[in-house]
Amino acid sequence: MYLIPKINLNKKIFFSIILAAFPFSFIAGNMIININILLIVFSALIIFWSSLLNIKFFFLDKLILSYFFLILFTALVNDFYFYSEKMAWRGYFGTITKSIFFLRYLFLYFILRFLIEKNFINIKYFFLSSTIAVLFVSFDIFYQFFNGKDIFGFAGQGRKLSGPFGNELIAGGFIQRYALFAFFLIPLFFKEKNFNKYIKYIVSILFTIFLISLILSGNRMPTIMFLFYTFMIMIFQKNVRKFFVPFLIIFSLIFFTLFQTNHKIRNNFLNLYAQVSTISSLATKGDFFNKQSPQYLKEFTSFYHTWLINKYIGGGIKNFRYYCHERSYIPKNEKFVCNMHPHNYYLEILIETGLIGFLFILLIFSKIIYLTFVKKYFLNSNIKNNVLIIPLMFLFLAEIFPIKSTGSFFTTGNSTYLFLIMGLIVGILQRENLIEKKN
């Protein structure tokens, strides 16, 4: 009998460490991310096979399952089209193969949900590793800024600094995705250490570090989203509203100092302002194909006629790059070459899984928002007492924010992050009995 608690403790440590490795796997690259996914999925399947077979699905689970079924179905339809048109160069089973491999995120979601729900993961390790990882990336960007190269010898590119990500200019996105865990690490998990009287100083220092590194990275949208969820938390969390004025002062001082003293940063944000102004002006006039249109606007507008090709079930994941060139309307004077994706999650989902897939995603996202944000701040629910859900909830809202440019929804990094956050959220809700059976 003594061995059972010990075995369960070892399992908990094992899966907690695997989860904690995810932030560093994002730094290491897609291959390590996939290894990490396979490790946690196959380990859980081997150890908890019988228990996983008895998982009870509620409405949100059924929506997610239905969306993945649609991905497989639309892949089959589109690959049949490629086969019937004798497009061997497309690969007759290419979409089906990609869709089957995409199922790993479905397994990741359910495995994480199960492990959190059954208390086989100590989420403190994930918060701690996220904090260490984001601090490492931030200080590596500082080093790169002052020395021209980071500690691995990677140089920045133009107005952007990549830190440890090399040729991938995504350092700002990484910081935005993981910085929030650092703010909650001490208040949630180290209360017994009597850190409370130092929290306001620690939080202010962390905010300064992350904001400066975000601005230096040159990734403008992550900087905006970081500020977005920071101020959203201050608005909705009464106990942190006292930080609003200090954060506003810190932000103003940092931004205007860097803006005035560094020409790359100044040009970067002036360029953003010019792009937003141009896009707003052209959108108001309906002149989407103007020669002066920024690249992002051309990518956004190319989506509509591409979507019309497969309106209801889509063209299959990662097939935008093909169907975009087949759209019915291409301006004669257009020199724009279709990108790999339309740089917005929702537009990509519309194109590649159609209107049906788009509705499924809206229902999935809306359900999670209702179970977390709405119930915590607007309804009389037990989730009001759950603090652990706050960083995950606001990071989820930032990730699915509709009016922003994004990478591809169906790539390894983005899909892993989104389904990881979703799995953690639903697992916590299930563990605390915060999801009613009828949901």
# chains A, B, ... in the order shown; residues from 1 in each chain; ligands from 1
$ residues_around --residues "range 169-179 of chain A" --least-positions-apart "2" --cutoff "6 Å" --atoms "only C-alpha atoms" --output "PyMOL selection string"
chain A and resi 130+134+162+181-182+214+217+219+222+226
$ write_last_selection --atoms "C-alpha atoms" --output "tab-separated table (two decimals), in the first residue's frame"
chain	number	residue	atom	x	y	z
A	130	SER	CA	8.13	29.62	-18.22
A	134	VAL	CA	11.26	34.14	-20.74
A	162	SER	CA	15.89	37.40	-32.61
A	181	PHE	CA	3.37	33.29	-15.80
A	182	ALA	CA	6.25	35.13	-14.12
A	214	LEU	CA	9.68	43.29	-26.32
A	217	SER	CA	12.82	42.59	-30.31
A	219	ASN	CA	7.90	42.52	-32.80
A	222	PRO	CA	3.39	41.01	-29.32
A	226	PHE	CA	1.46	42.24	-23.83
$ select_by_dssp --residues "range 96-305 of chain A" --states "alpha helix (DSSP H)" --output "VMD selection string"
chain A and resid 96 to 102 104 to 117 123 to 147 171 to 189 199 to 217 220 to 236 244 to 261 263 to 285 295 to 305
$ closest_atom_pairs --of "range 3-81 of chain A" --to "range 412-423 of chain A" --cutoff "8 Å" --atoms "only C-alpha atoms" --output "JSON lines"
{"residue": "A:Phe26", "atom": "CA", "partner": "A:Gly413", "partner_atom": "CA", "distance": 7.0}
{"residue": "A:Asn30", "atom": "CA", "partner": "A:Thr412", "partner_atom": "CA", "distance": 6.3}
{"residue": "A:Ile33", "atom": "CA", "partner": "A:Gly413", "partner_atom": "CA", "distance": 7.7}
{"residue": "A:Asn34", "atom": "CA", "partner": "A:Thr412", "partner_atom": "CA", "distance": 7.7}
$ write_last_selection --atoms "N, CA and C atoms" --output "short mmCIF file (atom, residue, chain, number, x, y, z; two decimals), in the first residue's frame"
data_model
loop_
_atom_site.label_atom_id
_atom_site.label_comp_id
_atom_site.auth_asym_id
_atom_site.auth_seq_id
_atom_site.Cartn_x
_atom_site.Cartn_y
_atom_site.Cartn_z
N PHE A 26 10.13 25.32 -27.22
CA PHE A 26 9.80 26.37 -28.19
C PHE A 26 11.06 27.14 -28.59
N ASN A 30 11.00 23.39 -33.71
CA ASN A 30 9.84 22.53 -33.97
C ASN A 30 10.10 21.05 -33.71
N ILE A 33 9.81 20.47 -30.07
CA ILE A 33 8.40 20.61 -29.67
C ILE A 33 7.65 19.31 -29.97
N ASN A 34 7.85 18.78 -31.17
CA ASN A 34 7.16 17.55 -31.55
C ASN A 34 7.60 16.36 -30.71
#
$ atom_distance --atom1 "CA of Thr257 in chain A" --atom2 "CA of Ser213 in chain A"
13.7 Å
$ residues_around --residues "range 38-53 of chain A" --least-positions-apart "2" --cutoff "10 Å" --atoms "only C-alpha atoms" --output "VMD selection string"
chain A and resid 11 14 to 19 32 to 36 55 to 56 104 to 105 107 to 112 114 to 115
$ residues_around --residues "range 346-351 of chain A" --least-positions-apart "6" --cutoff "9 Å" --atoms "only C-alpha atoms" --output "PyMOL selection string"
chain A and resi 300+303-304+306-320+357-359+361+400+402+408-410
$ residues_around --residues "Asn385 in chain A" --least-positions-apart "2" --cutoff "12 Å" --atoms "only C-alpha atoms" --output "count of residues only"
16
$ closest_residue --among "A:Phe365, A:Phe244, A:Phe24, A:Tyr143" --to "Leu216 in chain A" --atoms "only C-alpha atoms"
A:Tyr143
$ residues_around --residues "Tyr229 in chain A" --least-positions-apart "5" --cutoff "9 Å" --atoms "only C-alpha atoms" --output "list in words"
Leu180, Ile224, Met234, Phe394, Leu395, Leu397 and Ala398 of chain A
$ atom_distance --atom1 "CA of Ile141 in chain A" --atom2 "CA of Pro164 in chain A"
8.0 Å
$ residues_around --residues "range 265-271 of chain A" --least-positions-apart "3" --cutoff "8 Å" --atoms "only C-alpha atoms" --output "NGL selection string"
:A and (159 or 215-216 or 218 or 220 or 258-260 or 262 or 274-275)
$ atom_distance --atom1 "CA of Thr95 in chain A" --atom2 "CA of Phe69 in chain A"
13.6 Å
